[in-house]
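Engineer: Shown below is the structure under consideration.
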Amino acid sequence: MLGEGIIKGMVETARNFVGSYSDPERLTTVEYPEDKIPAKENARNFPFLVYDGDDAARGLRCVACQICEKECPPKCIYIVKSKDKKPDYIGKPQFYPAVFDIDVSVCMSCQICVEVCPFEAIKMDTEFELSNPDRFGGLLQDKHRLAKSNEYYHKIHETEAAEVDARLAAEKAKAEAKARADAEAKAAAAAKAATAAATPKPAPNPTTVAPAK
Amino acid sequence: MFMETAIDTPESKYEILPKTLSNGEMDGELLEVAMGPQHPSTHGVFRMDVVLDGEKVVKLKPVFGYLHRNHEKIAENTTYLASMPYTDRLDYLCSMTNNWAYALSVEKLAGLQPPERAEYIRIITGELTRLVNHTCLVGFLLQDMGALGTPLMYAFREREMILDLFESLSGSRMMCNYMRFGGCRVDLPAGWLEQAKRAVDSYSGFLDEFEKLLTENEILVARTQGIGVLPPDLAVNASITGPMLRASGVNYDIRKVDKYGIYDRFEFRVPLGDHGDVYDRYMIRLLEMRESVKILNQALRDIPAGPIVDPKAKLRGFRPKVGEAYGRIEGPKGELGFYLISDGTPNPYRYRVRPPSLINLTVLEDMCLGQDVADVVIILGSVDIVLGEVDR
Amino acid sequence: MNEGLRSELSKQGIFTTTLGDLYNWGRKNSVWPLQFGLACCAIEMIATTMARYDLARFGAEVFRPSPRQADLMIVAGTVTKKMAPQVVRLYNQMPEPKYVIAMGACAISGGPFKQGYNVLKGIDRFIPVDVHIPGCPPRPEALIHAFMTLQKKIETQQLTGVNRPRHLDAEAPSEFPVPKFGGHDLEPPNNPAVWHAPKLVREP
Amino acid sequence: MIIGEFFRGLFLMIWRVATDQPEAKADLLAVFPPSARPVISAVLTVSPIIGIFATLFALTTLLERKGLGRIQNRLGPNRVGPFGILQPVADGLKMLTKEDIIPRSADALVHFLAPVVLAVPTILAFAVLPYGRNLVPVDMDAGILFFFAVGASTELAIFMAGWSSRNKYSLLGAMRAIAQMISYEIPLIISSVSVIMIAGSLSPVEIIAQQGRYLAGGFVPHWFVLTPWGLAGFIMFLIASLAESNRSPFDIPEAESELIAGHLTEYSGFKYALFFMAEYFGMFAVSGLAVTLFLGGWHAPFEFLEIVPSYVWFFAKLMGLVCLFIWVRGTVPRLRVDQLLNFAWKFMLPLSLLNLVVAAVWHFTAAWEFPGAGLGRWLLGAVMIGVPYVWLGRALSGSKKITQRTYRFAD
Amino acid sequence: MNQPDPYLVIVVFLVAATLFAVAPLLLAWIWARTFSPRKPGPDKNAIYECGLESKGDAWVQFRSEYYLYGIIFLIFDVETIFLLPFAVAFTKLPVGAFIAMMVFLLLLVEGLVWAWRKGVLKWS
Amino acid sequence: MPLHYYLIFSALLFAVGLAGALTRRNAILVLVGIELMLNAANLNFIAFWRYSPDPNAIQGILFVIFSIAIAAAEAAVGLALIISIYRHYKTTNLEKMDSLKG
Amino acid sequence: MVMETLEQIKARIENAISGAKPEIIPNESPSAQRSLLLDPAHAVEVAKFLRDDSQLRLDYCSNVTGVDWLDLIIKEKVKVKKVVEGVEKEVEEPVERKRPGYLEAVYHLYSMALKHGPLIIRLRTENRADKNHVPSLTPVWRGAEFQEREIYDLYGIIFDGHPDLRRILMWEGFADHPMRKDYVEPDDYEYEPTPHDEVLEKTKQHHSPEPKP
Amino acid sequence: MQAAFAIIAALTLVSAIAAMSLRNLVHCALCLAVAFAGLAAMYLQLDAQFVGFAQVLVYIGAVAILVVFAILLTRSGQPVPHSVVSRSWIAGVAIAVLVFCVLTRVILSSSVSQRSLPAKPSPTVREIGNQLMTWYVLPLQVIGLLLTAATIGAVIIAMNERKSAGGDHRVTADQGHGHGHLAAPTGLNEGNATSIASETGSESPAHYPQPEREREVLAK
Ligand code: SF4
Ligand code: SF4
Ligand code: SF4
């Protein structure tokens, strides 16, 4: 109690001071605009809409099912479903969002929209340099600004995107197989002159992302 | 004659100390000072109306509500799942434990059982959160004592390491929104465990450094010992929980009492203080961090492989049966509980958070009376409040 | 610098231009924020000043506890209705030139809590905001980015002329009325001089 | 012609100052008519000092911010100009152009005068410090007393600032500041009295002259800090000067954590900057005095280094002390006001008085002749001050039941 | 030696210091006049109190602790003006003078100790 | 400069102090007035010393030093008295004190 | 340590305090946390008993909360014997039963000394409007102080015997109790960049859709 | 020389008059400090360096502060509504003028006062110290006694009784709490608490009244 404690503390600060010139552990500053901390794989900030192919207008995976709109906790998604169907990039006719707005000035980056979307259509972006003097003009994002390519998705969330692609491919294969089976069944049924129509829906619910391992 | 002017509420709970001296003389006037809502050391928008006699506090009224964000009301108007990200914002330093407490309560209500691996992940993230919280607290406490940021900077240096872990796990630094009813949202990414081990290993070193920097510092000791004493009987009666309770010497740790999760599998001790003053609260937190490191080492060693969600859990269309449940965990700040009433709809009928920060403030005035103004800020700092939780 | 600006500058004369440049340079490099945090975003604001991000590199680590010495108010967190009068008053008590950064969803629009009965739907209802940072909470880098956005904004302001910023204009107000507490809401719920509800742009 | 003479004189002056020669101003003054010479001479003395310290102030603020940054594992200001060197300039510019607010209920005149009244005495204190071998602005018989006298008048300025703002925090802060400054003024003076006793003069020049010798072949300077009483006095002087200049851990008056910014709460614009500057000037002044009294002033640490211009040593030592202040600031928390006053009256004052006795004993034992007398004297002095230090420290901390604690663990 | 009168230097110092302190204030005033007008207002020029409306006057009656410290300070301050001449003359003085000074100091310290005992030095 | 300049100045100061002490109601200011009068006397001491034929006889200075000490002690006690009285009667107004008499 | 069952506790309360009639409220959810409903007249006594009884020692009142039960119209089908067309028949007939609304304060009690719990007790007001008094348990457990204040603020239950019953979260002068289920929030969505139907509805009622220029 | 004297004299007089006549007592105190400073300057002009600085040190550094404290302590800081001068102020001023006239007459009539300035003396501080510690040792000790007496006296007068009674806030505060019926928990530390290894463990309960039962449990 005679000053040793203070001396000890001063030694400690001195060690950090000297260390800051030699030891990167003790100079943790990352000079932001020039250097950036690499974004983590899972990092999330605001949602974006994934499109396949290279036409953002056509390739949007979103079918305007409005689940995310309903589940979004702060209700910052606004969707108007199209009246008509348009062929998507593989040519299948689908509804599409006539309007798809996200107010990022409200969004709480919670990723719930991503989790609930059954179509892997909405994903989280890592972009954060969005500060803007204009609140309404700058922060209300429409579907053109939201649309980002699948390649971009792969770039920012490599593992996750690969999984998603694999899953989609598997689903597609399954759906096709089912369709084929259905078609065969239909053919058989038609042969039996019965009426049967099935529109297969991609039912499995990919909500919780499966374990990585 | 000055009594009326200085003290406003006639029905105030505490008897005001006799200001008039025995022989009818008076010395000095009472000075009413508002500390907050914008104040450098109230840790956010907290306000204390302090009545000072010179430098001594003769009355102190906490004023809340400057961050009342209607969390409970919003939660009652939305689904069970959508409340999960809101719990992050309760005690915004410890989103993981908030998630956990909420998930635990809903699991009680709906009868879900998270699988083993999920339990381990919860313990790991929960204890990491405890480290973050206690580290920041100690940093802030020292900041309040006027240590110009150095301890806080060191604390945040370590916090960043853990936040990196959280970010690579959940995607967000602070608002993890990671746990789900019956498990966790995603599995650990590759290499996470190793990174976590490294962080935990270096933590003891950091704690040593921290203690060297401060624990023996004469100024810290002089400022904290014997200040803000909280007797154990009052602590229990006022429902104080967490490190603050244990600093008063009461052995009550929900991790030991309820053995929720799988805490009974881990070996750790509960540090207890004898004096119940600010210094004890500071030390108890340092010691708890060391215990947390122990738990983390065990958990990181033993974590099994397996699924991370209860297969019974549903994400969409989740409707628990009619009934109610109260679940609680030992959060870094004390008992964090969620009380839920379900009426069978997708939204909870009643959603209630038991905020340890708020309840721990019950005794703030008792601890501050007769102390100096300068002590008030460190007493408040040692209570460890986060306004998001106090006001919700 | 675009062409229009250049011609404008040449009109002002070289003296005021250099003086203005100097003034802007001084202002932009010495922005002292008010030590003022409201909620979760404040933690990230603190993190921004900490070692990893180090706002001090921009000379902005001098967080002043008193508004009298501050230049920048970072509204970091949820502004509740109970708090809003205090925020406005603090803003009013800052000396000109003063800037406001609305940090985080809550400060811009009420954010996740915008459905709350006690939550102000954006601080720009009462005071003019210079830069908005979306995010909940915005990353520390985002705050630095916003800070640089603010610096850019300061850089382009002119000392004289009709386009001069508010604080150089003797007519423009420097303080805004503090709302009062009403029975259910603040009175008035917004300041029409500052906040114009934009038109609803689309059909419902 | 005159102009040529003028520049020659100016050049010669600078050259002579730079090379430590006496009579630096003579040639330049010769240019002017004799009646104006005293005033010109004074101006020539005064303006560089103020200029240098103003620059030093700017650099120190930067140094402090960068140094604190490094202590805290970060970089500190580095973007305004190369290495952030222009940061203080930007700050100054901004302060200059900031709006100045005088609270409505404040006492406007006193509110305006306070920063001026604070700045002037602190600058005046620079008058008596010898900056180099031939560089002393005013050589007065009672120079040290002058220093303390002007130092004492700053308290009133702080009171003016706090009182005129009519703000609770300001007034509380100002009262605390005064209580603190008056409490530490006594130890500050008394700890320097020990030096005055041995040096036998109140003149800084004379005191430095007394420390100009070297022992052990020019490798041990005869600085007072190297004696037991000098060391004790130096440490006490430093602590007291930390308090006098309101630096952490004695920054109670502007204790942010409870009093917002103390007496500065209501000050904006350049008035605030003046306070800020006065704090640093005060710090320079007391450090300068500490250098003069204890660290041999402008003398080099080793004899062979005396060829280096003397003022370099003075400023090097001064900045060394300033760095120490910054280092302390980066490490320690703040004391509470009562503890601080206790510390002044119950610890510093008795010890500094005791130090006078130690100095006297040192003087009386100068006549010791037996072998090892030097060491014996040293040890005697050290024991005389060390034992009471330990005892008093124990007694004071013991009385508050400050103890090492151990903790129980429940399983 | 044309060392000027020390007081002249001090006076010049005084004038220069005053100028040094006032000049920037003047400059700031000119700046405000020409470019950025001061805009006082009822809120801006109100007393700052953590964002609340200030209530109660700050000019209240203080407690006597301050005064007690003031007394002791005054006494010791006076003591130093006796101590300093003594210290200057010390090396040439006999031991007796030193003892005399010690007696003088002891008297004052006695006052201090008395006050200490009495609890004056306890800030309460 | 002749000595009487200083003496007259000192007399003036003394008169100002006296007038203040006699006319002000506030007890503190009365004390301040007395303090001013003492200072005027000190000035006399110094002036006489300076103008004495043997300026190396420094009694004048020593007297002033002692006088300063005494004045300080007086101020301390006097102000303490005022504070103590204030505590009793809640006033520093001498006229009111007169009427209170208690 | 295991606590006695609710039935045992109920019996002992009835023994110890004459006139007290605790009632067990069932709970069918998997949590199976049943609770005891106390009558306001004896609540404080019972609480003291619970706290001081050597086997219970419920010294720690963890959580106190309010619940608002609106008037409930319970629609049931009741079998009634009726004479229809001369024949007596059993007919199912819809009956509307009105359960009057009330406010409830729920206390979760634990024992720190014996480390058991929880025991849940409830207090009910007579109605939601004027008879909204219950006794305060703050004198028994200090920990209830702020929570009861909060209930008063948000639900409007008046706790008799509370030492300092003031609003805690909302400002003084706030007119209502916002957590009640029927509280109408102030409408301050003049503008909403992502307007959902209900928001627009609300906006229309209060504001002209044309904003001021 | 004359000019300097005139300036200093005018400054001193004006501030002295202000100190005696302003309404706001704090302003008076500040003006008083200026008057003291002016007097110190005059001492310097009279070559009494030591006294001049001592004047600043004691009067501005301490007495003025004490006056300011007294003003704040007696709440005299605010301007009073009524007149600041007493009812008989005319008489007071008259007496002062009278005294001044008499003094001036005496001064002007004395031959001493016409004396002109002798050679510059060199009263070093060392000289003062020598004299003080040799010829004036006795007065020095008397002054020491006086100062001690003044400390004690002033402290006794200014101190209030509560201080000497040693009343402690906490005690009263604890009694003041409304909740007289705290539950007395027992067995909180029960069982598992290993090794009560606190050095201060035995004295710690002195801080607060620990319930009797708890001690028993601890003892077990
Ligand atoms: S991230 Fe969350 S808040 Fe943002 S749009 Fe998706 S669901 Fe809504
Ligand atoms: S849930 Fe997916 S598919 Fe449906 S609207 Fe949202 S983004 Fe589109
Ligand atoms: S924007 Fe998000 S992080 Fe920021 S205050 Fe609001 S809820 Fe908290």
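Labels used: A, B, ... for chains in the order of the structure tokens, numbers from 1 for residues in each chain, and numbers from 1 for ligands as shown.
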Could I get the residue neighbourhood of ligand 3 at 8 Å, counting only C-alpha atoms and all ligand atoms, as a PDB file with N, CA, C and O atoms, in the first residue's frame?
Structural biologist:
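To be explicit, this is the file written out as part.pdb:
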ATOM      1  N   VAL A 106     -34.632   0.799 -41.171  1.00  0.00           N
ATOM      2  CA  VAL A 106     -35.384   0.136 -40.110  1.00  0.00           C
ATOM      3  C   VAL A 106     -34.842  -1.254 -39.843  1.00  0.00           C
ATOM      4  O   VAL A 106     -34.846  -1.732 -38.707  1.00  0.00           O
ATOM      5  N   MET A 108     -33.233  -4.547 -38.830  1.00  0.00           N
ATOM      6  CA  MET A 108     -32.396  -4.807 -37.672  1.00  0.00           C
ATOM      7  C   MET A 108     -31.398  -5.924 -37.930  1.00  0.00           C
ATOM      8  O   MET A 108     -30.842  -6.481 -36.981  1.00  0.00           O
TER       9      MET A 108
ATOM     10  N   TYR B  86     -35.044  -9.381 -30.712  1.00  0.00           N
ATOM     11  CA  TYR B  86     -35.233  -8.284 -29.766  1.00  0.00           C
ATOM     12  C   TYR B  86     -34.532  -8.555 -28.447  1.00  0.00           C
ATOM     13  O   TYR B  86     -34.091  -7.633 -27.777  1.00  0.00           O
ATOM     14  N   ARG B  89     -31.257  -7.126 -27.881  1.00  0.00           N
ATOM     15  CA  ARG B  89     -31.140  -5.696 -27.604  1.00  0.00           C
ATOM     16  C   ARG B  89     -31.559  -5.337 -26.186  1.00  0.00           C
ATOM     17  O   ARG B  89     -31.651  -4.164 -25.852  1.00  0.00           O
ATOM     18  N   TYR B  92     -27.555  -5.304 -24.154  1.00  0.00           N
ATOM     19  CA  TYR B  92     -26.874  -5.379 -25.437  1.00  0.00           C
ATOM     20  C   TYR B  92     -25.416  -5.755 -25.336  1.00  0.00           C
ATOM     21  O   TYR B  92     -24.724  -5.804 -26.329  1.00  0.00           O
ATOM     22  N   MET B 175     -25.348  -8.301 -31.961  1.00  0.00           N
ATOM     23  CA  MET B 175     -26.713  -8.800 -31.928  1.00  0.00           C
ATOM     24  C   MET B 175     -26.748 -10.179 -32.579  1.00  0.00           C
ATOM     25  O   MET B 175     -27.071 -10.306 -33.756  1.00  0.00           O
TER      26      MET B 175
ATOM     27  N   LEU C  38     -27.088   6.453 -26.201  1.00  0.00           N
ATOM     28  CA  LEU C  38     -28.457   6.177 -25.797  1.00  0.00           C
ATOM     29  C   LEU C  38     -28.683   4.694 -25.557  1.00  0.00           C
ATOM     30  O   LEU C  38     -29.339   4.309 -24.604  1.00  0.00           O
ATOM     31  N   ALA C  39     -28.205   3.862 -26.435  1.00  0.00           N
ATOM     32  CA  ALA C  39     -28.526   2.449 -26.288  1.00  0.00           C
ATOM     33  C   ALA C  39     -27.408   1.616 -26.893  1.00  0.00           C
ATOM     34  O   ALA C  39     -26.260   2.026 -26.893  1.00  0.00           O
ATOM     35  N   CYS C  40     -27.804   0.487 -27.451  1.00  0.00           N
ATOM     36  CA  CYS C  40     -26.824  -0.481 -27.927  1.00  0.00           C
ATOM     37  C   CYS C  40     -25.822   0.145 -28.883  1.00  0.00           C
ATOM     38  O   CYS C  40     -24.632  -0.153 -28.848  1.00  0.00           O
ATOM     39  N   CYS C  41     -26.302   1.026 -29.759  1.00  0.00           N
ATOM     40  CA  CYS C  41     -25.397   1.618 -30.725  1.00  0.00           C
ATOM     41  C   CYS C  41     -24.268   2.360 -30.031  1.00  0.00           C
ATOM     42  O   CYS C  41     -23.169   2.473 -30.569  1.00  0.00           O
ATOM     43  N   ALA C  42     -24.556   2.879 -28.836  1.00  0.00           N
ATOM     44  CA  ALA C  42     -23.512   3.598 -28.126  1.00  0.00           C
ATOM     45  C   ALA C  42     -22.338   2.687 -27.823  1.00  0.00           C
ATOM     46  O   ALA C  42     -21.191   3.133 -27.794  1.00  0.00           O
ATOM     47  N   ALA C  76     -26.685   7.916 -30.883  1.00  0.00           N
ATOM     48  CA  ALA C  76     -26.388   6.500 -31.013  1.00  0.00           C
ATOM     49  C   ALA C  76     -27.372   5.705 -30.193  1.00  0.00           C
ATOM     50  O   ALA C  76     -27.153   5.448 -29.028  1.00  0.00           O
ATOM     51  N   GLY C  77     -28.470   5.351 -30.807  1.00  0.00           N
ATOM     52  CA  GLY C  77     -29.398   4.499 -30.091  1.00  0.00           C
ATOM     53  C   GLY C  77     -30.822   4.973 -30.217  1.00  0.00           C
ATOM     54  O   GLY C  77     -31.129   5.932 -30.923  1.00  0.00           O
ATOM     55  N   THR C  78     -31.674   4.269 -29.500  1.00  0.00           N
ATOM     56  CA  THR C  78     -33.094   4.550 -29.584  1.00  0.00           C
ATOM     57  C   THR C  78     -33.424   5.842 -28.860  1.00  0.00           C
ATOM     58  O   THR C  78     -33.076   6.001 -27.700  1.00  0.00           O
ATOM     59  N   MET C 103     -27.022   7.500 -35.709  1.00  0.00           N
ATOM     60  CA  MET C 103     -26.343   6.221 -35.828  1.00  0.00           C
ATOM     61  C   MET C 103     -27.319   5.106 -35.505  1.00  0.00           C
ATOM     62  O   MET C 103     -27.887   5.059 -34.428  1.00  0.00           O
ATOM     63  N   GLY C 104     -27.514   4.242 -36.443  1.00  0.00           N
ATOM     64  CA  GLY C 104     -28.340   3.078 -36.177  1.00  0.00           C
ATOM     65  C   GLY C 104     -29.779   3.282 -36.572  1.00  0.00           C
ATOM     66  O   GLY C 104     -30.295   4.391 -36.667  1.00  0.00           O
ATOM     67  N   ALA C 105     -30.420   2.153 -36.809  1.00  0.00           N
ATOM     68  CA  ALA C 105     -31.793   2.172 -37.269  1.00  0.00           C
ATOM     69  C   ALA C 105     -32.692   2.967 -36.340  1.00  0.00           C
ATOM     70  O   ALA C 105     -33.553   3.732 -36.783  1.00  0.00           O
ATOM     71  N   CYS C 106     -32.495   2.796 -35.049  1.00  0.00           N
ATOM     72  CA  CYS C 106     -33.389   3.455 -34.109  1.00  0.00           C
ATOM     73  C   CYS C 106     -33.338   4.957 -34.238  1.00  0.00           C
ATOM     74  O   CYS C 106     -34.364   5.634 -34.217  1.00  0.00           O
ATOM     75  N   ALA C 107     -32.135   5.487 -34.338  1.00  0.00           N
ATOM     76  CA  ALA C 107     -32.023   6.943 -34.380  1.00  0.00           C
ATOM     77  C   ALA C 107     -32.602   7.485 -35.678  1.00  0.00           C
ATOM     78  O   ALA C 107     -33.127   8.585 -35.712  1.00  0.00           O
ATOM     79  N   GLY C 110     -36.577   4.867 -35.668  1.00  0.00           N
ATOM     80  CA  GLY C 110     -37.210   4.037 -34.648  1.00  0.00           C
ATOM     81  C   GLY C 110     -36.790   2.593 -34.783  1.00  0.00           C
ATOM     82  O   GLY C 110     -36.900   1.826 -33.837  1.00  0.00           O
ATOM     83  N   GLY C 111     -36.345   2.234 -35.953  1.00  0.00           N
ATOM     84  CA  GLY C 111     -35.739   0.928 -36.182  1.00  0.00           C
ATOM     85  C   GLY C 111     -36.618  -0.219 -35.733  1.00  0.00           C
ATOM     86  O   GLY C 111     -37.837  -0.189 -35.907  1.00  0.00           O
ATOM     87  N   PRO C 112     -36.012  -1.206 -35.136  1.00  0.00           N
ATOM     88  CA  PRO C 112     -36.786  -2.358 -34.712  1.00  0.00           C
ATOM     89  C   PRO C 112     -37.893  -1.986 -33.738  1.00  0.00           C
ATOM     90  O   PRO C 112     -38.878  -2.707 -33.607  1.00  0.00           O
ATOM     91  N   PHE C 113     -37.702  -0.885 -33.042  1.00  0.00           N
ATOM     92  CA  PHE C 113     -38.684  -0.551 -32.025  1.00  0.00           C
ATOM     93  C   PHE C 113     -39.688   0.471 -32.509  1.00  0.00           C
ATOM     94  O   PHE C 113     -40.359   1.109 -31.723  1.00  0.00           O
ATOM     95  N   PRO C 134     -27.331   3.453 -41.444  1.00  0.00           N
ATOM     96  CA  PRO C 134     -28.212   2.339 -41.156  1.00  0.00           C
ATOM     97  C   PRO C 134     -27.426   1.217 -40.503  1.00  0.00           C
ATOM     98  O   PRO C 134     -26.200   1.183 -40.561  1.00  0.00           O
ATOM     99  N   GLY C 135     -28.145   0.296 -39.921  1.00  0.00           N
ATOM    100  CA  GLY C 135     -27.475  -0.825 -39.270  1.00  0.00           C
ATOM    101  C   GLY C 135     -27.985  -0.954 -37.866  1.00  0.00           C
ATOM    102  O   GLY C 135     -28.499   0.004 -37.300  1.00  0.00           O
ATOM    103  N   CYS C 136     -27.852  -2.148 -37.335  1.00  0.00           N
ATOM    104  CA  CYS C 136     -28.419  -2.352 -36.013  1.00  0.00           C
ATOM    105  C   CYS C 136     -27.576  -3.351 -35.282  1.00  0.00           C
ATOM    106  O   CYS C 136     -27.870  -4.503 -35.292  1.00  0.00           O
ATOM    107  N   PRO C 137     -26.550  -2.954 -34.644  1.00  0.00           N
ATOM    108  CA  PRO C 137     -25.912  -1.646 -34.727  1.00  0.00           C
ATOM    109  C   PRO C 137     -25.015  -1.578 -35.946  1.00  0.00           C
ATOM    110  O   PRO C 137     -24.555  -2.602 -36.419  1.00  0.00           O
ATOM    111  N   PRO C 138     -24.736  -0.389 -36.429  1.00  0.00           N
ATOM    112  CA  PRO C 138     -23.772  -0.278 -37.513  1.00  0.00           C
ATOM    113  C   PRO C 138     -22.408  -0.724 -37.016  1.00  0.00           C
ATOM    114  O   PRO C 138     -22.068  -0.508 -35.858  1.00  0.00           O
TER     115      PRO C 138
END
Engineer: Within 9 Å of ligand 2, counting only C-alpha atoms and all ligand atoms, which protein or nucleic acid residues do you find, written as an NGL selection string?
Structural biologist: :A and (48-50 or 60-71 or 77 or 79 or 81 or 96-97 or 100 or 113-123)
Engineer: Measure the distance from CA of Thr18 (chain C) to CA of Arg164 (chain C) in Å and round it to one decimal.
Structural biologist: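 So the two atoms, CA of Thr18 (chain C) and CA of Arg164 (chain C), lie 15.0 Å apart.
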Engineer: Skipping near chain neighbours, those fewer than 4 positions away, what residues fall within 6 Å of region 19-26 of chain D using only C-alpha atoms, listed as a PyMOL selection string?
Structural biologist: chain D and resi 13+134+309
Engineer: At what distance in Å, to one decimal, does CA of Leu165 (chain B) lie from CA of Asp302 (chain B)?
Structural biologist: 18.6 Å
Engineer: Could you jot down the CA of Leu12 (chain F) to CA of Val110 (chain D) separation for me, Å, one decimal place?
Structural biologist: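 About the pair CA of Leu12 (chain F) and CA of Val110 (chain D): they are 27.4 Å apart.
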Engineer: Taking into account only C-alpha atoms and all ligand atoms, which residue in the set G:Asp160, G:Pro26, G:Thr194, G:Pro40 is nearest to ligand 1?
Structural biologist: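 So, comparing all the options, the nearest one is G:Thr194.
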Engineer: Can you check which residues of chain B have any atom within 10 Å of chain C? Use only C-alpha atoms and format it as a count of residues only.
Structural biologist: 48
Engineer: Set the cut-off to 8 Å and count only C-alpha atoms: what are the residues of chain E that reach chain C? Output as a list in words.
Structural biologist: Phe35, Ser36, Pro37, Arg38, Lys39, Gly41, Asp43, Lys44, Asn45, Ala46, Tyr48, Cys50, Gly51 and Leu52 of chain E
Engineer: For the residues in the current selection, export N, CA and C atoms as a short mmCIF file (atom, residue, chain, number, x, y, z; two decimals), in the first residue's frame.
Structural biologist:
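File produced: result.cif:
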data_model
loop_
_atom_site.label_atom_id
_atom_site.label_comp_id
_atom_site.auth_asym_id
_atom_site.auth_seq_id
_atom_site.Cartn_x
_atom_site.Cartn_y
_atom_site.Cartn_z
N PHE E 35 -18.44 36.40 -40.24
CA PHE E 35 -18.96 35.23 -40.95
C PHE E 35 -20.05 34.49 -40.21
N SER E 36 -19.72 34.03 -39.03
CA SER E 36 -20.72 33.15 -38.43
C SER E 36 -21.37 33.86 -37.26
N PRO E 37 -22.56 34.33 -37.49
CA PRO E 37 -23.23 35.14 -36.47
C PRO E 37 -23.52 34.31 -35.22
N ARG E 38 -23.41 34.97 -34.10
CA ARG E 38 -23.79 34.29 -32.86
C ARG E 38 -25.29 34.24 -32.78
N LYS E 39 -25.77 33.13 -32.34
CA LYS E 39 -27.23 33.01 -32.29
C LYS E 39 -27.64 32.57 -30.91
N GLY E 41 -30.04 31.96 -27.79
CA GLY E 41 -31.44 31.57 -27.74
C GLY E 41 -31.79 31.15 -26.34
N ASP E 43 -32.85 28.45 -25.12
CA ASP E 43 -32.41 27.12 -24.73
C ASP E 43 -30.90 27.05 -24.70
N LYS E 44 -30.33 27.63 -25.74
CA LYS E 44 -28.87 27.54 -25.86
C LYS E 44 -28.20 28.24 -24.71
N ASN E 45 -28.76 29.35 -24.30
CA ASN E 45 -28.10 30.09 -23.25
C ASN E 45 -28.63 29.76 -21.86
N ALA E 46 -29.37 28.69 -21.79
CA ALA E 46 -29.78 28.23 -20.48
C ALA E 46 -28.63 27.45 -19.87
N TYR E 48 -26.62 24.43 -18.55
CA TYR E 48 -26.60 23.02 -18.91
C TYR E 48 -26.80 22.17 -17.67
N CYS E 50 -27.29 18.28 -17.76
CA CYS E 50 -27.49 16.91 -18.23
C CYS E 50 -28.68 16.83 -19.19
N GLY E 51 -28.96 17.89 -19.89
CA GLY E 51 -30.04 17.83 -20.85
C GLY E 51 -31.40 18.13 -20.24
N LEU E 52 -31.44 18.28 -18.93
CA LEU E 52 -32.72 18.62 -18.33
C LEU E 52 -32.81 20.13 -18.20
#
Engineer: Please, which residues of chain A lie no more than 9 Å from chain G when the count uses only C-alpha atoms, and can they be set out as a PyMOL selection string?
Structural biologist: chain A and resi 75-79+101-103+136+140
Engineer: Mind checking which residues fall within 8 Å of region 36-52 of chain H, counting only C-alpha atoms, ignoring those fewer than 6 positions away in the same chain, and posting them as a VMD selection string?
Structural biologist: (chain D and resid 142 145) or (chain F and resid 39 43 46 to 47 50 61 64 to 65) or (chain H and resid 5 8 to 9 11 to 12 59 to 60 120 to 121 123 125)
